[in-house]
Each structure stands twice: as C-alpha cells, then as structure tokens.
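One structure below.
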Amino acid sequence: METAAKLFEEAMRLPADEREDLAAQLLDSLEPPPGISIEDKDEIEKRAVEARGGAPGIPWDQVKRDLLK
C-alpha cells in the first residue's frame, strides 16, 4: 500500500491533462465489471469524450423523470 500511496502523491503533482491520461490508462488496464459488455464500454468512452469536449449532459432531474416513467 505504501507504494500505491507514493505513486498517488506523485501523480497528483502532474498537470490535470496528464492525470486524466494516466487515469484513463489505469482504467483501461482493468477488466470491465461483471454485467458491462464491450459495447457498453465503448458507449461510456464515447460519452466521456463528449463530456470532456463540453457537450451538454442530461440534467439529473430529467434522467430521474425518464427512469420513473
């Protein structure tokens, strides 16, 4: 655990864009959780790219309303 804590401290000193790249690389190194397919992963990545690019998201109130229909 000490090594992970040191790596985290070093990573936090990186500029935000480099931390984002590192986080993406770490996440890509993991297997998707049970119940998540490759197609889901692709869709999640597509939406993340859109969000980082400034695309407007769907407000939580609207999502909640849609789910409760």
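Residue numbers start at 1 in each chain; chains themselves are named A, B, ... in the order of the structure tokens; ligands are numbered from 1 in the order shown.
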- [ ] Skip segment 9-26 of chain A itself and residues of its chain fewer than 3 positions away, then list as number ranges by chain all residues within 12 Å of it, counting only C-alpha atoms.
- [x] A: 2-6, 29-31, 45, 48-49, 52
Please write the residues from the selection above to a file, keeping C-alpha atoms, as a PDB file, in the first residue's frame.
```pdb
ATOM      1  CA  GLU A   2       2.892   2.347   0.693  1.00  0.00           C
ATOM      2  CA  THR A   3       3.945   2.147  -2.960  1.00  0.00           C
ATOM      3  CA  ALA A   4       0.419   2.994  -4.167  1.00  0.00           C
ATOM      4  CA  ALA A   5       0.282   5.982  -1.803  1.00  0.00           C
ATOM      5  CA  LYS A   6       3.621   7.259  -3.122  1.00  0.00           C
ATOM      6  CA  SER A  29      -5.847  -1.872 -17.814  1.00  0.00           C
ATOM      7  CA  LEU A  30      -8.743  -3.352 -15.799  1.00  0.00           C
ATOM      8  CA  GLU A  31     -11.334  -5.855 -16.923  1.00  0.00           C
ATOM      9  CA  GLU A  45     -15.920   6.132 -23.559  1.00  0.00           C
ATOM     10  CA  ALA A  48     -16.858  10.645 -21.689  1.00  0.00           C
ATOM     11  CA  VAL A  49     -15.112  12.140 -24.733  1.00  0.00           C
ATOM     12  CA  ARG A  52     -14.793  16.379 -21.815  1.00  0.00           C
TER      13      ARG A  52
END
```
Task: Atom-to-atom span, atom CA of Arg65 of chain A and atom CA of Pro34 of chain A, Å - done: 27.1 Å
Open item on the list: Taking the DSSP secondary structure from the backbone, can you list the residues of chain A that are helix (DSSP H, G or I), as a ChimeraX atom specification?
Closed with: /A:2-12,16-28,38-52,60-68
Open item on the list: Please report the interatomic distance between atom CA of Pro32 of chain A and atom CA of Gly54 of chain A in Å with one decimal.
Closed with: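 Straight-line distance from atom CA of Pro32 of chain A to atom CA of Gly54 of chain A works out to 25.8 Å.
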